[in-house]
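Novice: Input structure: start_14.txt, which contains compact mmCIF, C-alpha atoms.
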```txt
# COMPACT_ATOMS: atom_id res chain seq x y z
CA MET M 168 83.51 67.83 108.27
CA ALA M 169 80.46 67.34 106.07
CA GLY M 170 80.14 71.13 105.76
CA LEU M 171 83.82 71.39 104.88
CA GLY M 172 83.43 68.68 102.24
CA LYS M 173 80.53 70.52 100.60
CA PHE M 174 82.55 73.72 100.67
CA LEU M 175 85.49 72.03 98.94
CA VAL M 176 83.19 70.69 96.23
CA ARG M 177 81.73 74.17 95.66
CA ARG M 178 85.17 75.74 95.46
CA ALA M 179 86.39 73.04 93.09
CA LEU M 180 83.47 73.79 90.78
CA THR M 181 84.57 77.43 90.62
CA PHE M 182 88.14 76.53 89.65
CA VAL M 183 87.50 76.02 85.95
CA PRO M 184 85.40 79.18 85.37
CA THR M 185 87.99 81.23 87.24
CA LEU M 186 90.89 79.85 85.21
CA ILE M 187 89.03 80.29 81.94
CA GLY M 188 88.10 83.85 82.88
CA VAL M 189 91.71 84.77 83.68
CA THR M 190 93.08 83.28 80.45
CA LEU M 191 90.30 84.95 78.44
CA ILE M 192 91.13 88.39 79.85
CA VAL M 193 94.84 87.95 79.10
CA PHE M 194 94.05 86.66 75.61
CA ILE M 195 91.81 89.64 74.83
CA ILE M 196 94.50 92.07 76.02
CA ALA M 197 97.08 90.32 73.84
CA TYR M 198 94.64 90.19 70.92
CA VAL M 199 93.97 93.96 70.87
CA ILE M 200 97.63 95.00 71.19
CA PRO M 201 98.67 96.69 67.92
CA ALA M 202 101.67 94.46 67.26
CA ASN M 203 102.63 91.68 64.87
CA PRO M 204 103.81 88.76 67.03
CA VAL M 205 104.01 86.39 64.06
CA ARG M 206 106.84 88.33 62.43
CA ALA M 207 108.72 88.35 65.74
CA TRP M 208 108.26 84.58 66.09
CA ALA M 209 109.40 84.01 62.51
CA GLY M 210 112.67 85.90 62.96
CA GLY M 211 111.91 89.62 62.79
CA GLU M 212 112.11 91.92 59.80
CA LYS M 213 114.02 89.35 57.74
CA ALA M 214 111.32 86.69 58.11
CA SER M 215 110.02 85.25 54.87
CA GLN M 216 106.36 85.43 53.96
CA ALA M 217 106.22 81.64 53.72
CA ALA M 218 107.42 81.29 57.33
CA ILE M 219 104.90 83.87 58.50
CA GLU M 220 102.01 82.08 56.80
CA MET M 221 103.11 78.74 58.22
CA ILE M 222 103.15 80.13 61.78
CA LYS M 223 99.77 81.77 61.29
CA LYS M 224 98.30 78.45 60.24
CA GLU M 225 100.02 76.51 63.05
CA TYR M 226 98.67 78.83 65.77
CA HIS M 227 95.28 79.44 64.10
CA LEU M 228 96.08 83.14 63.76
CA ASP M 229 94.27 83.17 60.42
CA GLN M 230 91.06 82.12 62.20
CA PRO M 231 88.54 84.20 64.23
CA TRP M 232 89.56 85.21 67.75
CA TYR M 233 87.34 82.63 69.46
CA ASP M 234 88.94 79.82 67.44
CA GLN M 235 92.37 81.09 68.47
CA TYR M 236 91.31 81.16 72.12
CA ILE M 237 89.91 77.62 72.03
CA PHE M 238 93.14 76.44 70.39
CA LEU M 239 95.24 78.07 73.14
CA VAL M 240 93.14 76.75 76.05
CA LYS M 241 92.99 73.25 74.61
CA GLY M 242 96.76 73.31 74.10
CA LEU M 243 97.30 74.40 77.70
CA PHE M 244 95.14 71.65 79.19
CA THR M 245 96.81 68.97 77.04
CA ASN M 246 100.33 70.51 77.16
CA SER M 247 100.41 70.43 73.37
CA LEU M 248 100.76 74.20 72.96
CA LEU M 249 104.31 74.92 71.78
CA ASP M 250 106.34 77.98 72.59
CA PRO M 251 106.84 79.66 69.19
CA LEU M 252 110.37 80.75 70.14
CA ASN M 253 111.86 77.35 71.03
CA GLN M 254 109.17 74.85 69.94
CA GLU M 255 108.96 73.29 73.40
CA PRO M 256 105.60 72.71 75.13
CA ILE M 257 104.67 75.73 77.25
CA PHE M 258 104.27 73.80 80.48
CA THR M 259 107.53 71.95 79.86
CA ASN M 260 109.29 75.32 79.78
CA ILE M 261 107.42 76.41 82.89
CA GLY M 262 108.18 73.13 84.66
CA ASN M 263 111.90 73.51 83.99
CA ARG M 264 111.80 76.91 85.68
CA PHE M 265 109.36 76.11 88.48
CA VAL M 266 112.01 74.71 90.83
CA VAL M 267 113.93 78.00 90.86
CA THR M 268 110.80 80.07 91.51
CA PHE M 269 109.48 77.72 94.18
CA GLN M 270 112.82 77.69 96.00
CA LEU M 271 112.98 81.48 95.84
CA ALA M 272 109.46 81.67 97.30
CA LEU M 273 110.48 79.28 100.10
CA PHE M 274 113.39 81.52 101.11
CA ALA M 275 111.17 84.59 100.92
CA PHE M 276 108.48 82.88 103.02
CA PHE M 277 111.10 81.94 105.62
CA PHE M 278 112.08 85.60 106.01
CA VAL M 279 108.44 86.69 106.08
CA VAL M 280 107.72 84.41 109.04
CA LEU M 281 111.07 85.07 110.73
CA MET M 282 110.62 88.84 110.68
CA GLY M 283 106.89 89.47 110.43
CA LEU M 284 105.59 87.43 113.36
CA PRO M 285 108.04 88.36 116.16
CA LEU M 286 108.30 92.02 115.12
CA GLY M 287 104.51 92.27 114.98
CA ILE M 288 104.23 90.86 118.51
CA ILE M 289 106.97 93.17 119.79
CA SER M 290 105.26 96.14 118.16
CA ALA M 291 101.98 95.21 119.85
CA LEU M 292 103.58 94.78 123.27
CA LYS M 293 105.31 98.18 122.91
CA ARG M 294 102.19 99.89 121.61
CA ASN M 295 102.61 103.65 120.97
CA LYS M 296 106.14 103.60 122.36
CA ALA M 297 109.35 104.43 120.49
CA THR M 298 109.96 100.79 119.50
CA ASP M 299 106.47 100.48 118.07
CA MET M 300 106.80 103.72 116.10
CA ILE M 301 110.20 102.73 114.65
CA LEU M 302 109.01 99.27 113.61
CA ARG M 303 105.87 100.67 111.97
CA ILE M 304 107.88 103.27 110.05
CA VAL M 305 110.41 100.70 108.86
CA ALA M 306 107.62 98.36 107.76
CA LEU M 307 105.89 101.19 105.89
CA VAL M 308 109.15 102.13 104.14
CA PHE M 309 109.76 98.60 102.86
CA ILE M 310 106.11 98.16 101.85
CA SER M 311 106.15 101.43 99.89
CA THR M 312 109.58 101.16 98.25
CA PRO M 313 109.69 99.56 94.76
CA ILE M 314 111.25 96.12 94.91
CA TYR M 315 113.91 96.89 92.31
CA VAL M 316 115.16 99.77 94.47
CA ILE M 317 115.41 97.44 97.48
CA ALA M 318 117.10 94.79 95.31
CA TYR M 319 119.85 97.06 93.99
CA LEU M 320 120.37 98.57 97.46
CA PHE M 321 120.81 95.11 98.96
CA ILE M 322 123.14 94.02 96.12
CA TRP M 323 125.37 97.03 96.81
CA LEU M 324 125.27 96.43 100.56
CA PHE M 325 125.51 92.63 100.90
CA PHE M 326 127.34 91.67 97.69
CA ILE M 327 129.61 94.57 96.76
CA HIS M 328 130.27 96.12 100.16
CA TRP M 329 130.21 93.13 102.51
CA ASN M 330 130.64 90.21 100.05
CA MET M 331 128.18 88.07 102.01
CA THR M 332 126.59 86.28 99.06
CA THR M 333 127.07 85.15 95.47
CA LEU M 334 125.10 86.17 92.39
CA ALA M 335 126.54 83.80 89.80
CA GLY M 336 124.88 80.67 88.48
CA ILE M 337 122.55 78.18 90.14
CA PRO M 338 124.08 75.44 92.35
CA PRO M 339 123.17 71.92 91.20
CA GLY M 340 120.85 69.78 93.25
CA PRO M 341 122.03 66.74 95.21
CA PRO M 342 122.67 63.49 93.30
CA HIS M 343 119.75 61.79 95.04
CA GLN M 344 116.57 63.86 94.61
CA ILE M 345 113.44 63.27 96.63
CA THR M 346 111.27 66.39 96.29
CA HIS M 347 113.28 67.88 93.38
CA ILE M 348 113.58 71.10 95.39
CA PRO M 349 117.37 71.30 95.93
CA VAL M 350 117.41 73.06 99.29
CA ILE M 351 114.89 70.58 100.75
CA ASP M 352 116.65 67.57 99.22
CA ASP M 353 119.97 68.79 100.64
CA ILE M 354 118.46 68.74 104.12
CA LEU M 355 116.83 65.34 103.66
CA THR M 356 120.05 63.79 102.27
CA LEU M 357 122.30 65.66 104.74
CA ASN M 358 124.24 67.25 101.87
CA TRP M 359 125.29 70.27 103.91
CA SER M 360 127.97 71.59 101.56
CA ASN M 361 125.49 71.94 98.72
CA PHE M 362 122.90 73.29 101.17
CA VAL M 363 125.29 76.11 102.04
CA GLU M 364 125.76 76.89 98.34
CA GLN M 365 121.99 77.02 97.82
CA VAL M 366 121.60 79.36 100.79
CA ARG M 367 124.44 81.60 99.57
CA ARG M 368 122.74 81.97 96.18
CA PHE M 369 119.12 82.33 97.26
CA TRP M 370 119.07 84.06 100.63
CA LEU M 371 119.49 87.60 99.30
CA PRO M 372 116.86 87.31 96.51
CA GLY M 373 114.54 85.66 99.03
CA PHE M 374 115.20 88.40 101.59
CA THR M 375 114.49 91.04 98.93
CA LEU M 376 111.28 89.36 97.77
CA GLY M 377 110.00 88.73 101.28
CA ILE M 378 110.80 91.95 103.09
CA ALA M 379 107.74 93.87 101.88
CA ALA M 380 105.48 90.92 102.71
CA ALA M 381 107.14 90.74 106.12
CA GLY M 382 106.16 94.38 106.68
CA VAL M 383 102.56 93.56 105.79
CA LEU M 384 102.56 90.54 108.11
CA MET M 385 104.09 92.60 110.92
CA ARG M 386 101.34 95.20 110.70
CA PHE M 387 98.65 92.53 110.49
CA THR M 388 100.09 90.57 113.44
CA ARG M 389 100.29 93.73 115.53
CA ASN M 390 96.66 94.64 114.88
CA SER M 391 95.46 91.07 115.40
CA PHE M 392 97.38 90.78 118.69
CA LEU M 393 95.98 94.07 119.98
CA GLU M 394 92.45 93.07 118.97
CA ALA M 395 92.78 89.73 120.81
CA TYR M 396 94.32 91.51 123.82
CA SER M 397 91.29 93.81 124.14
CA ARG M 398 88.70 91.00 124.16
CA ASP M 399 86.54 90.33 127.22
CA SER M 400 88.15 86.92 127.74
CA THR M 401 91.57 88.58 128.08
CA LEU M 402 90.24 91.17 130.51
CA PHE M 403 88.72 88.34 132.56
CA LEU M 404 92.09 86.55 132.75
CA LYS M 405 93.79 89.79 133.79
CA ALA M 406 91.21 90.30 136.51
CA LYS M 407 91.92 86.79 137.81
CA GLY M 408 95.58 87.68 138.14
CA VAL M 409 96.86 85.25 135.51
CA PRO M 410 100.64 85.65 135.03
CA LYS M 411 101.72 87.65 131.99
CA GLY M 412 103.34 84.64 130.35
CA ARG M 413 100.11 82.63 130.34
CA LEU M 414 98.11 85.72 129.40
CA TYR M 415 100.28 86.46 126.36
CA LYS M 416 100.14 82.80 125.34
CA HIS M 417 96.34 82.93 125.38
CA VAL M 418 96.31 86.19 123.38
CA LEU M 419 98.82 84.87 120.85
CA LYS M 420 96.79 81.71 120.27
CA ASN M 421 93.74 83.78 119.36
CA ALA M 422 95.71 86.34 117.37
CA LEU M 423 97.35 83.74 115.14
CA VAL M 424 94.04 82.39 113.79
CA PRO M 425 93.69 85.04 111.04
CA VAL M 426 97.48 85.43 110.70
CA ILE M 427 98.03 81.83 109.62
CA THR M 428 95.41 82.14 106.91
CA ILE M 429 97.10 85.33 105.68
CA LEU M 430 100.37 83.40 105.48
CA ALA M 431 98.81 80.94 103.03
CA LEU M 432 97.77 83.83 100.78
CA GLN M 433 101.18 85.46 101.11
CA PHE M 434 102.95 82.31 99.94
CA GLY M 435 100.79 82.32 96.82
CA GLY M 436 101.65 85.96 96.31
CA LEU M 437 105.37 85.28 96.73
CA LEU M 438 105.26 82.40 94.27
CA SER M 439 103.66 84.53 91.58
CA GLY M 440 105.40 87.81 92.42
CA THR M 441 108.94 86.95 91.35
CA PRO M 442 109.42 88.59 87.88
CA ILE M 443 111.38 91.66 89.02
CA THR M 444 113.39 89.81 91.67
CA GLU M 445 114.37 87.03 89.27
CA THR M 446 115.36 89.55 86.60
CA VAL M 447 117.51 91.66 88.92
CA PHE M 448 119.22 88.63 90.48
CA ASN M 449 119.50 86.73 87.16
CA LEU M 450 117.48 83.71 88.30
CA PRO M 451 116.03 81.57 85.46
CA GLY M 452 112.58 81.18 86.99
CA ILE M 453 108.98 81.54 85.87
CA GLY M 454 108.86 85.27 86.57
CA ARG M 455 111.79 86.00 84.31
CA TYR M 456 110.26 83.74 81.67
CA ALA M 457 107.07 85.82 81.86
CA LEU M 458 108.95 89.09 81.35
CA GLN M 459 110.86 87.63 78.40
CA SER M 460 107.54 86.48 76.93
CA ILE M 461 106.27 90.07 77.08
CA MET M 462 109.45 91.43 75.49
CA TYR M 463 109.28 88.99 72.56
CA LEU M 464 105.47 89.11 72.18
CA ASP M 465 105.35 85.42 73.12
CA PHE M 466 101.64 85.45 73.94
CA PRO M 467 101.18 81.65 74.24
CA ALA M 468 103.89 81.52 76.90
CA LEU M 469 102.45 84.56 78.67
CA ILE M 470 98.98 82.99 78.78
CA GLY M 471 100.53 79.76 80.10
CA VAL M 472 102.31 81.62 82.91
CA THR M 473 99.12 83.54 83.74
CA PHE M 474 97.25 80.24 83.81
CA LEU M 475 99.74 78.89 86.35
CA TYR M 476 99.53 82.05 88.47
CA ALA M 477 95.74 81.74 88.50
CA ILE M 478 96.06 78.15 89.74
CA VAL M 479 98.46 79.30 92.47
CA PHE M 480 96.16 82.05 93.73
CA VAL M 481 93.00 79.94 93.61
CA THR M 482 94.77 77.13 95.48
CA ALA M 483 96.23 79.56 98.03
CA ASN M 484 92.76 80.97 98.72
CA LEU M 485 91.39 77.46 99.15
CA VAL M 486 94.20 76.49 101.55
CA ALA M 487 93.61 79.70 103.54
CA ASP M 488 89.91 78.92 103.90
CA ILE M 489 90.63 75.33 104.98
CA LEU M 490 93.22 76.46 107.54
CA TYR M 491 90.79 78.99 108.94
CA ALA M 492 88.18 76.27 109.40
CA ILE M 493 90.65 73.87 111.03
CA ILE M 494 92.18 76.45 113.38
CA ASP M 495 88.90 78.10 114.40
CA PRO M 496 86.21 75.46 115.11
CA ARG M 497 83.56 78.20 115.19
CA VAL M 498 83.84 78.60 111.42
CA ARG M 499 81.26 76.57 109.50
CA PHE M 500 80.79 76.39 105.76
```
Turn the structure described in the file into structure tokens.
Specialist:
Amino acid sequence: MAGLGKFLVRRALTFVPTLIGVTLIVFIIAYVIPANPVRAWAGGEKASQAAIEMIKKEYHLDQPWYDQYIFLVKGLFTNSLLDPLNQEPIFTNIGNRFVVTFQLALFAFFFVVLMGLPLGIISALKRNKATDMILRIVALVFISTPIYVIAYLFIWLFFIHWNMTTLAGIPPGPPHQITHIPVIDDILTLNWSNFVEQVRRFWLPGFTLGIAAAGVLMRFTRNSFLEAYSRDSTLFLKAKGVPKGRLYKHVLKNALVPVITILALQFGGLLSGTPITETVFNLPGIGRYALQSIMYLDFPALIGVTFLYAIVFVTANLVADILYAIIDPRVRF
């Protein structure tokens, strides 16, 4: 535990440089783009020169690039940086949209685990047989296919053809909120009617977002299971005549050690990989907010979203490392 504590301190010390580095890269990219964001913020071609000069002064755009960057980073850490398009603090805008994105990631993660783990185990048990080949091909197809193609295919199939879902609006949360995540609060408060509405709205976007990650998890689970099955300890158990049920349980326990850590990273990837899914399914989440920021040259908002994504990935990596240490006692930091 002392080694784990030292490791956590070291990782915490790398948080700030990592976040600053990510925001600096995004800022430099935005800075060198040959565009005039101030005119877009001020109202387009009809913007007055007085309004343009006022915005330049407010966002330090008349100062050197390093002064602009310090202003942006300071505003992010204090939540005083305003979105130039609606004059709301950046992280207030992000916070209002975080619930939708987090709930979408939860649904996607549910499908990742539901499909990836059992199909990976089945594929390993049927190694080099027809079932294994079919599952590997299907996984490769979904991994390789662009997500917008999968999204529109699923919309045609599940919404237009079979009418199994809804694509309109966002159901309200329960009157009594505990976690402020509607689908979780519905379960905790036993509000099953609203829970059904949340599932009807989010299951298809979540399925679309998670299916490629499920393919990755399936392949990883298959390889991990086969690697654990070929170890000397497994061969020893087979030689002793251990029943297949107990043998597979032993193999699965060892195979899941790296898989669980991968799941932590995948959840971070799902949480920050929603822009296309939210746009196609008309969900007002952080990903859609990021795409709109790009369209309207809203660089402060884009840097704020990137800052959040950096926090998500750094935290996901930290959680994965901690889980690996807890699950496998041989790991020492």
Novice: Using all atoms listed in the file, which residue out of M:Trp208, M:Leu355, M:Arg303, M:Leu371 lies closest to Val447 (chain M)?
Specialist: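 Between M:Trp208, M:Leu355, M:Arg303, M:Leu371, the residue approaching Val447 (chain M) most closely is M:Leu371.
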Novice: Counting only C-alpha atoms, which of M:Ile427, M:Pro467, M:Ala272, M:Phe362 gets nearest to Gln235 (chain M)?
Specialist: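 Looking only at the distances to Gln235 (chain M), the closest residue turns out to be M:Pro467.
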Novice: Quick one: everything within 12 Å of region 193-206 of chain M, counting all atoms listed in the file, minus sequence neighbours fewer than 2 positions away in the same chain. Send it as a PyMOL selection string.
Specialist: chain M and resi 186-191+208-229+231-240+251-252+460-474+477
Novice: Do you have, as a tab-separated table, the list of residues of region 282-356 of chain M lying at most 12 Å from region 402-426 of chain M, each with its nearest atom pair and that distance in Å to one decimal, counting all atoms listed in the file and ordered by chain then number?
Specialist:
```
residue	atom	partner	partner_atom	distance
M:Gly283	CA	M:Val426	CA	10.2
M:Leu284	CA	M:Val426	CA	8.8
M:Pro285	CA	M:Leu419	CA	10.9
M:Gly287	CA	M:Val426	CA	10.7
M:Ile288	CA	M:Leu419	CA	8.4
M:Ile289	CA	M:Tyr415	CA	11.5
M:Ala291	CA	M:Leu419	CA	10.9
M:Leu292	CA	M:Tyr415	CA	9.5
```
Novice: Using C-alpha atoms, can you export the residues from the last selection as a PDB file, keeping the file's coordinate frame?
Specialist:
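Result file follows (again-v1.pdb):
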```
ATOM      1  CA  GLY M 283     106.890  89.470 110.430  1.00  0.00           C
ATOM      2  CA  LEU M 284     105.590  87.430 113.360  1.00  0.00           C
ATOM      3  CA  PRO M 285     108.040  88.360 116.160  1.00  0.00           C
ATOM      4  CA  GLY M 287     104.510  92.270 114.980  1.00  0.00           C
ATOM      5  CA  ILE M 288     104.230  90.860 118.510  1.00  0.00           C
ATOM      6  CA  ILE M 289     106.970  93.170 119.790  1.00  0.00           C
ATOM      7  CA  ALA M 291     101.980  95.210 119.850  1.00  0.00           C
ATOM      8  CA  LEU M 292     103.580  94.780 123.270  1.00  0.00           C
TER       9      LEU M 292
END
```
Novice: Considering only C-alpha atoms, can you say which of M:Gly340, M:Gln459, M:Lys241, M:Thr375 comes closest to Trp359 (chain M)?
Specialist: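 Among M:Gly340, M:Gln459, M:Lys241, M:Thr375, it is M:Gly340 that comes nearest to Trp359 (chain M).
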Novice: When you count only C-alpha atoms, which of these residues is closest to Val280 (chain M): M:Gly382, M:Pro256, M:Pro338, M:Pro349?
Specialist: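 Counting only C-alpha atoms, the residue closest to Val280 (chain M) is M:Gly382.
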Novice: Between M:Gly435, M:Gly452, M:Gly172, M:Gly377, which one has atoms that come closest to Thr482 (chain M), using all atoms listed in the file?
Specialist: M:Gly435
Novice: Return the single residue from M:Val383, M:Leu286, M:Ile494, M:Ile351 that is closest to Leu302 (chain M), with distances computed using only C-alpha atoms.
Specialist: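 Using only C-alpha atoms, the shortest distance to Leu302 (chain M) belongs to M:Leu286.
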Novice: Quick check, in Å to one decimal: how far apart do CA of Ala335 (chain M) and CA of Ser439 (chain M) lie?
Specialist: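 Between CA of Ala335 (chain M) and CA of Ser439 (chain M) the gap works out to 23.0 Å.
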